[in-house]
Amino acid sequence: MFPSQFTYHRAASVAEAVELLNGNEGAKLLAGGHSLLPMMKLRLASPPTLVDIGQVAELKGVSADGDGVRIGALTTHAEIAGSALVQERAPVLAEAASRVGDPAVRNRGTIGGNVAHGDPQSDLPTVLTALGATINAAGQNGERGIAAADFFTGLLENALDDGEIVTSVSVPGVASGAGTAYVKFSHPASRYSVVGAAAIVSVANGVCSSASVVVGGVESTPTRAASVEAALAGSGVGADALAAAASAVSGDFQGDAMGDVYASSEYRQAMAGVYVRRALEAAVARGG
Amino acid sequence: MTTRSFGSGIRRREDPRLITGKAPYTDDIKLPGMVHAAILRSPHAHANIKSIDTSAAASQPGVVAVYTGADTDGVLAGMPCAWLIPGSDLKTPEHPAIAKDRVRYVGDAVAVVVAGTRYEAEDALEHIEVEYETLGVVINPKAAAQPGAAQLHDDVENNIAFTWAVAGGDADAAFAAADVTVSDTITLPRLIANPMEPRSAVASYMAAMGELTLWSTSQNPHIARFLTSVVTGVPEHKIRVIAPEVGGGFGSKIPYYPDEAITAFCAMKLGVPVKWTETRSENYLATTQGRDHVEEVEMAATSDGTITGLRTTVYAGMGAYLSTAAPGVPTILHGLMYSGAYNIPNISGTIYGVFNNGTPVDAYRGAGRPEATTLIERLVDLTAAALDMDPAEFRRKNLIPKFENGHDVATGIIYDSGDYELTLNTCLANADYEGLRAAQAAARAEGRLVGIGMATWVEICGLGPSQVAGAVGFQGGLWESAIVRFHPTGKVNVMVGSSPHGQGEETTFAQIVSEELGVPVEDVEIIHGDTDNTPMGWGTYGSRTTVVSGGAIAFASRKIKEKSKELAAHLLEAAVEDIEYDDGRFFVRGSDDQAKTIQDIALMANVAWSMPEGMEPGLEASAFYDPPNFTYPFGTHLAVVEVNAETGHIDLQNYWAVDDCGVQINPMIVEGQVHGGVVQGVGPALWEGVVYDDNGQPLTGTMQDYALPRADLLPDINVASTTTPSPHHPLGLKGVGEAGTIAATPTVYNAVMDALRPLGVNRVDMPLTPEKVWRAINDAKNGG
């Protein structure tokens with residue numbers, strides 16, 4: 001576990017980080033280090049330069065943003081899970097953050113590093129997609145926001161331009177009365193989600209008025225369960241209706257379902273139906 | 001006020017330095033001028049080496065030297081296999097420390113770089129150019145043994161390293177006459193030992209004196225010295241092996257490894273100290289693994305519920321080469337235990353040790369006995385089911401009745417003592433077995449998959465009589481020795497040849513001296529792990545250290561007691577026959593006020609101002625203890641699981657253990673050993689297992705993929721015990737280090753199979769991952 005030689009820089013500001021990133025060929029940002037450092041120690045990644053943004057104060061913290069929240073890129077999973085503001089306005093994000101990895105990971109890993117790494121078995125991309133969050137980035141050409149649904153573009157790939165860094169994530173508040181849930185099938189070793197399902201469900205007069213349902217862990221990017229959402233629209237929310245809606249998720253996978261030694265693609269897709277149903281049940285139970 | 005401490009759960013005195021991180025491990029050793037080695041490992045599971053070019057690596061910054069297998073020609077002997085099973089047609093193909101013309105597993109050493117820092121050495125490794133020609137790969141031990149399979153060693157036909165048979169009675173006749181027979185194929189996955197501390201070695205060679213010092217993460221430094229001598233040619237008396245703190249081994253630090261030989265080789269070539277420390281990734285490739293059995297097994301019984309026969313054909317994966325003790329694990333430590341805790345009059349087993357393109361397999365906690373107990377206990381459950389008998393009742397009917405001094409079983413060994421039914425009854429009572437079955441029936445009526453599993457186990461440990469060791473091909477003895485030395489102040493050093501590494505024997509050994517001689521536990525210091533200041537011993541493994549080293553300490557203490565009586569008699573001007581001893585005091589019978597304490601005696605013996613005629617000064621004794629028999633701990637474990645039919649997830653809900661390890665020196669340490677052992681035994685049932693792809697690439701090469709047990713996946717473990725002393729041991733000890741590991745795998749496996757029984761599912765390969773269970777359930781529902 002000995003990484004190749006690299007040059008280390010510590011940035012004091014976002015501007016300096018952008019400058020260092022653009023001025024050093026192949027440079028990588030170091031935030032919590034929980035994805036990058038293991039890859040470097042295994043020599044799967046050998047960046048010649050690291051730009052440590054761990055001390056950039058402007059990247060830290062959770063603040064109110066309209067009726068939603070703005071979460072600095074360096075905010076740790078533990079901080080998100082424990083944030084009263086997140087718990088109030090986007091409880092499903094707090095719930096997901098509380099289930100990332102283990103306490104050591106949650107205390108070091110950051111939301112910015114998590115989304116930039118874009119592991120398909122990670123929890124936050126699934127939930128941020130369901131919430132309709134925006135990933136805010138800064139680069140040489142200034143700042144821009146990228147919708148979560150557009151941000152994750154492939155296996156460990158994202159919509160950031162070269163030299164662009166994630167500065168924060170804007171999360172809209174969940175509609176009043178909506179119920180939310182994130183449930184996951186944890187890998188027993190890595191604690192990544194073999195399958196993760198996020199659901200945000202509004203119910204009016206016993207009928208589903210809106211639903212956002214996203215599944216992670218099955219495909220290389222979060223899968224919006226459009227068939228499930230369509231089945232729920234105007235549907236009742238009894239156990240049978242939710243089960244029927246959840247079973248529609250099999251139609252939402254585009255044929256690139258992942259599989260590995262622990263869980264085959266067939267199994268992951270079957271489990272997606274189970275976990276979507278559980279997420280819907282929990283969300284409906286919590287709503288109102 | 002008594003100083004007696006047997007049966008007292010006093011805290012482990014070694015823990016403060018271990019849990020505060022103050023204790024020195026091998027990797028903490030820093031010597032002046034020390035350089036660092038990194039080892040290039042084969043990326044292929046099987047390939048010819050066409051060429052190696054080290055020139056670019058040699059010119060990298062900081063590089064001191066680069067060596068390949070060719071450099072070791074005539075310098076390093078091959079890696080020795082030290083358990084040569086007689087009558088097994090054993091093949092021991094050459095195992096060079098550094099591969100020369102062929103690699104046989106991913107992780108096989110190909111070259112070594114020595115540099116000023118480990119980083120420089122690792123960087124230079126990437127500049128070694130190796131041209132490989134890949135060859136066919138075999139992984140599954142049974143498939144590897146078939147004609148036409150890829151051959152690992154040119155002179156080992158069908159990859160069969162040895163064929164060993166165990167037989168007693170007439171198994172074929174028993175099966176022919178049986179009312180009921182059941183059969184199964186059981187796969188015990190390949191396991192990674194995962195000690196917290198990876199392996200490490202530091203070698204220093206003083207050419208002027210011809211002396212080699214090796215710091216090593218060894219469970220048995222005296223064996224390491226012996227084998228270092230064999231491999232390097234340095235005479236044994238010029239070698240010092242030091243095992244400082246060793247951070248767990250679980251068997252994986254028994255073997256003598258290529259890496260230690262390579263480190264010594266580099267130090268001898270270069271004349272400066274060399275350190276090599278394994279990375280965790282290397283540990284997953286190059287440290288010996290456990291189990292890897294395919295077991296085809298069957299049991300015969302009569303309609304009244306009497307077991308009449310057991311037959312097995314076992315394919316035991318050996319990996320690419322025979323590791324130090326590997327052949328003994330699936331044979332002596334496995335097949336001889338086929339009777340388990342039962343009267344099984346007719347037994348026949350054939351065990352094939354099979355080379356496959358994986359990391360070498362050797363002893364791993366339990367070593368052979370979990371593999372035996374699992375097949376026996378599974379067959380017992382299957383047979384009970386076939387007879388429509390309750391598995392507890394079926395066990396009770398077939399258990400060997402209580403015996404106190406010797407019981408012969410069909411495999412030819414003699415159990416020391418046992419009361420198996422007592423542990424069964426105790427475990428059933430602790431668990432409220434009838435209540436559990438009632439709850440299970442209610443759950444089943446709701447369609448829930450609740451299972452109850454149990455195992456009544458017995459193991460062979462306390463290895464063992466050296467005469468038997470020799471008879472079964474172990475290339476060494478199995479006795480232990482101890483020196484007990486009293487200082488003038490009455491404080492005591494005990495030097496032992498075994499090498500505890502986390503088991504707590506610095507505490508329990510002191511308790512033995514305290515019990516025997518009445519000195520406070522805190523006045524006794526245990527010295528171990530350094531061949532220069534400890535007497536010879538064969539090491540710490542196989543639940544033998546407390547038993548065998550403890551026996552030596554007891555006998556040495558008793559010699560001191562005898563000498564002390566004579567000296568007390570002299571000082572009290574009494575006849576030695578009139579001296580009595582109690583709790584650290586020697587007194588004249590009937591005159592309790594005329595006494596000398598052991599501390600008085602220690603002072604006088606050391607200053608020697610007034611000694612009996614002819615008595616030597618000093619208060620010190622050494623003893624060599626060669627056990628007259630093995631010891632046979634036993635017990636019953638029981639678990640409750642619920643399986644989620646929708647996902648295949650298994651919830652291990654409750655676990656009860658009742659173990660009998662004979663007399664307990666320290667019940668807290670016993671309980672801790674059972675706890676840890678149970679967890680390690682649940683691992684392969686539910687989570688753990690090395691998986692290779694068809695090319696021999698490990699797919700479980702990191703802790704992100706290889707699922708170790710985690711606290712949040714386990715229930716509280718209810719631990720209880722019974723006490724049946726070993727009749728032949730001076731303290732009645734039996735050993736407990738492996739108990740939980742042996743019992744837990746079949747207990748949990750049986751529980752899950754019991755949960756699935758209403759669906760008609762009878763077998764699923766371990767580990768029982770959710771997908772495998774889900775598929776089995778679906779196949780059963782679909783009429784498969």
# chains A, B, ... in the order shown; residues from 1 in each chain; ligands from 1
>>> interface_residues(of="chain A", to="chain B", cutoff="8 Å", atoms="only C-alpha atoms", output="ChimeraX atom specification")
/A:1-5,188-190,261-264,267,271,274
>>> write_last_selection(atoms="C-alpha atoms", output="PDB file, in the first residue's frame")
ATOM      1  CA  MET A   1       0.000   0.000   0.000  1.00  0.00           C
ATOM      2  CA  PHE A   2       2.629   2.467  -1.132  1.00  0.00           C
ATOM      3  CA  PRO A   3       1.452   5.143  -3.571  1.00  0.00           C
ATOM      4  CA  SER A   4       3.689   6.459  -6.314  1.00  0.00           C
ATOM      5  CA  GLN A   5       5.504   9.700  -5.730  1.00  0.00           C
ATOM      6  CA  PRO A 188     -21.308  -6.849   3.927  1.00  0.00           C
ATOM      7  CA  ALA A 189     -17.697  -5.841   3.384  1.00  0.00           C
ATOM      8  CA  SER A 190     -17.628  -2.472   1.683  1.00  0.00           C
ATOM      9  CA  VAL A 261     -18.875 -11.768  -7.542  1.00  0.00           C
ATOM     10  CA  TYR A 262     -21.235 -10.851  -4.728  1.00  0.00           C
ATOM     11  CA  ALA A 263     -24.411  -9.953  -6.602  1.00  0.00           C
ATOM     12  CA  SER A 264     -25.234 -10.658 -10.238  1.00  0.00           C
ATOM     13  CA  TYR A 267     -30.144 -10.448  -8.633  1.00  0.00           C
ATOM     14  CA  MET A 271     -33.661  -6.748  -5.410  1.00  0.00           C
ATOM     15  CA  VAL A 274     -37.915  -5.305  -3.235  1.00  0.00           C
TER      16      VAL A 274
END
>>> residues_around(residues="range 104-107 of chain A", least_positions_apart="5", cutoff="12 Å", atoms="only C-alpha atoms", output="list in words")
Gly32, Gly33, His34, Ser35, Leu74, Thr75, Thr76, His77, Ala78, Glu79, Ile80, Ala81, Gly82, Ala94, Ala96, Ala97, Ser98, Arg99, Gly113, Asn114, Asp123, Leu124, Ser190, Arg191 and Tyr192 of chain A
>>> closest_residue(among="A:Ala57, A:Asp162, A:Ser13, A:Glu143", to="Gly26 in chain A", atoms="only C-alpha atoms")
A:Asp162
>>> atom_distance(atom1="CA of Ile160 in chain B", atom2="CA of Pro255 in chain B")
21.2 Å
>>> residues_around(residues="Ser610 in chain B", least_positions_apart="2", cutoff="12 Å", atoms="only C-alpha atoms", output="list in words")
Leu567, Ala568, Ala569, His570, Leu571, Leu572, Glu573, Ile601, Leu603, Met604, Ala605, Asn606, Val607, Ala608, Pro612, Glu613, Gly614, Met615, Glu616, Pro617 and Gly618 of chain B
>>> write_last_selection(atoms="N, CA and C atoms", output="compact mmCIF listing (two decimals), in the first residue's frame")
# COMPACT_ATOMS: atom_id res chain seq x y z
N LEU B 567 14.82 -27.40 51.46
CA LEU B 567 15.51 -26.25 52.04
C LEU B 567 14.77 -25.77 53.29
N ALA B 568 13.45 -25.80 53.25
CA ALA B 568 12.67 -25.39 54.42
C ALA B 568 12.96 -26.33 55.60
N ALA B 569 13.03 -27.60 55.30
CA ALA B 569 13.31 -28.57 56.36
C ALA B 569 14.66 -28.26 57.01
N HIS B 570 15.63 -27.95 56.16
CA HIS B 570 16.95 -27.61 56.66
C HIS B 570 16.88 -26.37 57.55
N LEU B 571 16.19 -25.34 57.09
CA LEU B 571 16.14 -24.07 57.82
C LEU B 571 15.31 -24.19 59.09
N LEU B 572 14.28 -25.05 59.07
CA LEU B 572 13.41 -25.22 60.24
C LEU B 572 13.90 -26.36 61.13
N GLU B 573 15.00 -26.95 60.73
CA GLU B 573 15.60 -28.04 61.50
C GLU B 573 14.58 -29.15 61.74
N ILE B 601 12.46 -18.79 51.08
CA ILE B 601 13.23 -19.86 50.45
C ILE B 601 14.01 -19.32 49.26
N LEU B 603 15.09 -16.32 48.74
CA LEU B 603 16.23 -15.50 49.17
C LEU B 603 17.38 -16.39 49.64
N MET B 604 17.06 -17.35 50.48
CA MET B 604 18.13 -18.21 51.00
C MET B 604 18.78 -19.01 49.87
N ALA B 605 17.97 -19.51 48.95
CA ALA B 605 18.54 -20.31 47.86
C ALA B 605 19.47 -19.47 47.00
N ASN B 606 19.14 -18.20 46.85
CA ASN B 606 19.95 -17.34 45.99
C ASN B 606 21.22 -16.88 46.69
N VAL B 607 21.12 -16.57 47.99
CA VAL B 607 22.36 -16.17 48.69
C VAL B 607 23.15 -17.39 49.14
N ALA B 608 22.46 -18.48 49.35
CA ALA B 608 23.09 -19.77 49.65
C ALA B 608 23.97 -19.73 50.89
N PRO B 612 21.33 -27.21 52.65
CA PRO B 612 21.56 -28.61 53.06
C PRO B 612 22.80 -29.17 52.34
N GLU B 613 23.38 -30.13 52.95
CA GLU B 613 24.55 -30.80 52.39
C GLU B 613 24.24 -31.25 50.95
N GLY B 614 25.07 -30.79 50.01
CA GLY B 614 24.94 -31.28 48.64
C GLY B 614 23.94 -30.55 47.79
N MET B 615 23.15 -29.62 48.36
CA MET B 615 22.14 -28.92 47.55
C MET B 615 22.79 -27.78 46.78
N GLU B 616 22.47 -27.70 45.49
CA GLU B 616 22.99 -26.61 44.66
C GLU B 616 22.30 -25.30 45.04
N PRO B 617 23.02 -24.18 44.90
CA PRO B 617 22.36 -22.88 45.13
C PRO B 617 21.31 -22.62 44.06
N GLY B 618 20.57 -21.54 44.29
CA GLY B 618 19.60 -21.08 43.30
C GLY B 618 18.25 -21.76 43.47
>>> residues_around(residues="range 252-254 of chain A", least_positions_apart="5", cutoff="7 Å", atoms="only C-alpha atoms", output="list of chain:residue names")
A:Ala225, A:Ala226, A:Ser227
>>> write_last_selection(atoms="C-alpha atoms", output="short mmCIF file (atom, residue, chain, number, x, y, z; two decimals), in the first residue's frame")
data_model
loop_
_atom_site.label_atom_id
_atom_site.label_comp_id
_atom_site.auth_asym_id
_atom_site.auth_seq_id
_atom_site.Cartn_x
_atom_site.Cartn_y
_atom_site.Cartn_z
CA ALA A 225 -37.69 4.65 -11.84
CA ALA A 226 -39.98 6.40 -14.28
CA SER A 227 -42.21 3.36 -14.67
#
>>> select_by_dssp(residues="range 59-273 of chain A", states="strand (DSSP E)", output="JSON, numbers by chain")
{"A": [62, 63, 64, 65, 68, 69, 70, 71, 72, 134, 135, 136, 137, 138, 139, 142, 143, 144, 145, 146, 147, 152, 153, 154, 157, 158, 165, 166, 167, 168, 169, 170, 171, 179, 180, 181, 182, 183, 184, 185, 186, 193, 194, 195, 196, 197, 198, 199, 200, 201, 202, 203, 204, 207, 208, 209, 210, 211, 212, 213, 214, 215, 216, 223, 224]}
>>> residues_around(residues="Lys402 in chain B", least_positions_apart="3", cutoff="10 Å", atoms="only C-alpha atoms", output="list in words")
Leu399, Asn405, His407, Ser417, Gly418, Asp419, Tyr420, Glu421, Leu422 and Thr724 of chain B
>>> write_last_selection(atoms="C-alpha atoms", output="tab-separated table (two decimals), in the first residue's frame")
chain	number	residue	atom	x	y	z
B	399	LEU	CA	-23.40	-39.59	21.52
B	405	ASN	CA	-10.39	-41.99	31.20
B	407	HIS	CA	-12.49	-43.99	24.83
B	417	SER	CA	-12.51	-37.78	28.65
B	418	GLY	CA	-15.92	-36.51	27.75
B	419	ASP	CA	-19.47	-35.84	28.83
B	420	TYR	CA	-21.01	-34.84	25.56
B	421	GLU	CA	-24.60	-35.29	26.58
B	422	LEU	CA	-24.10	-32.87	29.45
B	724	THR	CA	-14.50	-32.37	32.54
>>> residues_around(residues="Gly72 in chain A", least_positions_apart="5", cutoff="7 Å", atoms="only C-alpha atoms", output="list of chain:residue names")
A:Leu59, A:Lys60, A:Gly61, A:Val62, A:Thr167, A:Ser168, A:Val169
>>> write_last_selection(atoms="N, CA and C atoms", output="short mmCIF file (atom, residue, chain, number, x, y, z; two decimals), in the first residue's frame")
data_model
loop_
_atom_site.label_atom_id
_atom_site.label_comp_id
_atom_site.auth_asym_id
_atom_site.auth_seq_id
_atom_site.Cartn_x
_atom_site.Cartn_y
_atom_site.Cartn_z
N LEU A 59 -15.73 26.08 1.50
CA LEU A 59 -16.36 24.85 1.00
C LEU A 59 -17.08 24.08 2.09
N LYS A 60 -17.07 24.63 3.29
CA LYS A 60 -17.61 23.84 4.41
C LYS A 60 -18.97 24.37 4.86
N GLY A 61 -19.76 23.46 5.39
CA GLY A 61 -20.94 23.88 6.12
C GLY A 61 -22.26 23.77 5.36
N VAL A 62 -23.33 23.78 6.14
CA VAL A 62 -24.69 23.67 5.62
C VAL A 62 -25.41 24.98 5.91
N THR A 167 -18.18 22.77 -5.71
CA THR A 167 -18.10 23.70 -4.57
C THR A 167 -19.20 23.45 -3.55
N SER A 168 -20.37 23.08 -4.04
CA SER A 168 -21.47 22.84 -3.12
C SER A 168 -22.56 22.06 -3.83
N VAL A 169 -23.54 21.64 -3.03
CA VAL A 169 -24.71 20.96 -3.58
C VAL A 169 -25.94 21.70 -3.06
#
>>> residues_around(residues="range 279-282 of chain A", least_positions_apart="3", cutoff="8 Å", atoms="only C-alpha atoms", output="mmCIF file with N, CA and C atoms, in the first residue's frame")
data_model
loop_
_atom_site.group_PDB
_atom_site.id
_atom_site.type_symbol
_atom_site.label_atom_id
_atom_site.label_comp_id
_atom_site.auth_asym_id
_atom_site.auth_seq_id
_atom_site.Cartn_x
_atom_site.Cartn_y
_atom_site.Cartn_z
ATOM 1 N N GLY A 179 -43.645 12.242 2.127
ATOM 2 C CA GLY A 179 -42.875 11.285 2.906
ATOM 3 C C GLY A 179 -41.655 10.849 2.109
ATOM 4 N N THR A 180 -40.544 10.620 2.801
ATOM 5 C CA THR A 180 -39.318 10.246 2.093
ATOM 6 C C THR A 180 -38.669 9.042 2.764
ATOM 7 N N ALA A 181 -37.912 8.313 1.987
ATOM 8 C CA ALA A 181 -37.161 7.188 2.568
ATOM 9 C C ALA A 181 -36.011 6.804 1.652
ATOM 10 N N TYR A 182 -34.935 6.378 2.282
ATOM 11 C CA TYR A 182 -33.835 5.753 1.550
ATOM 12 C C TYR A 182 -33.549 4.428 2.224
ATOM 13 N N VAL A 183 -33.623 3.359 1.459
ATOM 14 C CA VAL A 183 -33.305 2.034 2.014
ATOM 15 C C VAL A 183 -32.200 1.434 1.164
ATOM 16 N N ALA A 197 -32.446 2.476 -2.729
ATOM 17 C CA ALA A 197 -33.656 3.048 -3.327
ATOM 18 C C ALA A 197 -34.099 4.259 -2.526
ATOM 19 N N ALA A 198 -34.322 5.367 -3.255
ATOM 20 C CA ALA A 198 -34.809 6.595 -2.630
ATOM 21 C C ALA A 198 -36.207 6.867 -3.141
ATOM 22 N N ALA A 199 -37.081 7.265 -2.237
ATOM 23 C CA ALA A 199 -38.456 7.581 -2.634
ATOM 24 C C ALA A 199 -38.918 8.844 -1.925
ATOM 25 N N ILE A 200 -39.570 9.721 -2.689
ATOM 26 C CA ILE A 200 -40.208 10.919 -2.138
ATOM 27 C C ILE A 200 -41.637 10.881 -2.663
ATOM 28 N N VAL A 201 -42.579 10.749 -1.755
ATOM 29 C CA VAL A 201 -43.956 10.486 -2.169
ATOM 30 C C VAL A 201 -44.904 11.471 -1.473
ATOM 31 N N ALA A 239 -50.781 -1.426 0.357
ATOM 32 C CA ALA A 239 -49.655 -2.341 0.179
ATOM 33 C C ALA A 239 -49.634 -2.955 -1.217
ATOM 34 N N LEU A 242 -48.594 -0.320 -3.851
ATOM 35 C CA LEU A 242 -47.158 -0.010 -3.795
ATOM 36 C C LEU A 242 -46.341 -1.168 -4.360
ATOM 37 N N ALA A 246 -43.913 -0.911 -7.477
ATOM 38 C CA ALA A 246 -42.490 -1.219 -7.322
ATOM 39 C C ALA A 246 -42.041 -2.253 -8.346
ATOM 40 N N TYR A 275 -36.459 -3.411 -2.840
ATOM 41 C CA TYR A 275 -36.044 -2.221 -2.089
ATOM 42 C C TYR A 275 -36.859 -0.997 -2.481
ATOM 43 N N VAL A 276 -37.298 -0.928 -3.730
ATOM 44 C CA VAL A 276 -38.195 0.172 -4.102
ATOM 45 C C VAL A 276 -39.508 0.046 -3.328
ATOM 46 N N ALA A 285 -45.588 5.760 4.805
ATOM 47 C CA ALA A 285 -45.862 5.704 6.244
ATOM 48 C C ALA A 285 -45.423 6.993 6.943
ATOM 49 N N ARG A 286 -44.350 7.612 6.426
ATOM 50 C CA ARG A 286 -43.813 8.808 7.094
ATOM 51 C C ARG A 286 -44.501 10.093 6.624
#
>>> decode(residues="range 112-124 of chain A", atoms="N, CA, C and O atoms", output="PDB file, in the first residue's frame")
ATOM      1  N   GLY A 112     -18.846  16.464  -1.511  1.00  0.00           N
ATOM      2  CA  GLY A 112     -18.236  16.867  -2.774  1.00  0.00           C
ATOM      3  C   GLY A 112     -17.393  15.755  -3.366  1.00  0.00           C
ATOM      4  O   GLY A 112     -17.484  15.437  -4.564  1.00  0.00           O
ATOM      5  N   GLY A 113     -16.577  15.146  -2.533  1.00  0.00           N
ATOM      6  CA  GLY A 113     -15.755  14.036  -3.007  1.00  0.00           C
ATOM      7  C   GLY A 113     -16.614  12.875  -3.464  1.00  0.00           C
ATOM      8  O   GLY A 113     -16.331  12.212  -4.467  1.00  0.00           O
ATOM      9  N   ASN A 114     -17.695  12.645  -2.730  1.00  0.00           N
ATOM     10  CA  ASN A 114     -18.577  11.535  -3.060  1.00  0.00           C
ATOM     11  C   ASN A 114     -19.200  11.708  -4.438  1.00  0.00           C
ATOM     12  O   ASN A 114     -19.161  10.802  -5.268  1.00  0.00           O
ATOM     13  N   VAL A 115     -19.752  12.884  -4.705  1.00  0.00           N
ATOM     14  CA  VAL A 115     -20.418  13.043  -6.001  1.00  0.00           C
ATOM     15  C   VAL A 115     -19.391  13.135  -7.136  1.00  0.00           C
ATOM     16  O   VAL A 115     -19.625  12.636  -8.235  1.00  0.00           O
ATOM     17  N   ALA A 116     -18.249  13.764  -6.854  1.00  0.00           N
ATOM     18  CA  ALA A 116     -17.244  13.879  -7.919  1.00  0.00           C
ATOM     19  C   ALA A 116     -16.679  12.515  -8.294  1.00  0.00           C
ATOM     20  O   ALA A 116     -16.369  12.248  -9.456  1.00  0.00           O
ATOM     21  N   HIS A 117     -16.546  11.632  -7.296  1.00  0.00           N
ATOM     22  CA  HIS A 117     -16.047  10.287  -7.576  1.00  0.00           C
ATOM     23  C   HIS A 117     -17.102   9.512  -8.369  1.00  0.00           C
ATOM     24  O   HIS A 117     -16.780   8.798  -9.303  1.00  0.00           O
ATOM     25  N   GLY A 118     -18.347   9.651  -7.960  1.00  0.00           N
ATOM     26  CA  GLY A 118     -19.445   9.081  -8.746  1.00  0.00           C
ATOM     27  C   GLY A 118     -19.477   7.566  -8.766  1.00  0.00           C
ATOM     28  O   GLY A 118     -19.781   6.951  -9.792  1.00  0.00           O
ATOM     29  N   ASP A 119     -19.193   6.963  -7.642  1.00  0.00           N
ATOM     30  CA  ASP A 119     -19.305   5.499  -7.594  1.00  0.00           C
ATOM     31  C   ASP A 119     -20.773   5.105  -7.717  1.00  0.00           C
ATOM     32  O   ASP A 119     -21.614   5.604  -6.969  1.00  0.00           O
ATOM     33  N   PRO A 120     -21.099   4.226  -8.649  1.00  0.00           N
ATOM     34  CA  PRO A 120     -22.512   3.877  -8.852  1.00  0.00           C
ATOM     35  C   PRO A 120     -23.127   3.158  -7.656  1.00  0.00           C
ATOM     36  O   PRO A 120     -24.347   3.067  -7.572  1.00  0.00           O
ATOM     37  N   GLN A 121     -22.303   2.650  -6.757  1.00  0.00           N
ATOM     38  CA  GLN A 121     -22.856   1.961  -5.590  1.00  0.00           C
ATOM     39  C   GLN A 121     -22.858   2.862  -4.364  1.00  0.00           C
ATOM     40  O   GLN A 121     -23.098   2.414  -3.253  1.00  0.00           O
ATOM     41  N   SER A 122     -22.585   4.134  -4.595  1.00  0.00           N
ATOM     42  CA  SER A 122     -22.613   5.098  -3.511  1.00  0.00           C
ATOM     43  C   SER A 122     -24.053   5.504  -3.235  1.00  0.00           C
ATOM     44  O   SER A 122     -24.932   5.333  -4.070  1.00  0.00           O
ATOM     45  N   ASP A 123     -24.282   6.047  -2.052  1.00  0.00           N
ATOM     46  CA  ASP A 123     -25.660   6.348  -1.656  1.00  0.00           C
ATOM     47  C   ASP A 123     -26.124   7.735  -2.090  1.00  0.00           C
ATOM     48  O   ASP A 123     -27.271   7.901  -2.480  1.00  0.00           O
ATOM     49  N   LEU A 124     -25.257   8.728  -1.973  1.00  0.00           N
ATOM     50  CA  LEU A 124     -25.714  10.097  -2.168  1.00  0.00           C
ATOM     51  C   LEU A 124     -26.159  10.400  -3.595  1.00  0.00           C
ATOM     52  O   LEU A 124     -27.150  11.122  -3.778  1.00  0.00           O
TER      53      LEU A 124
END
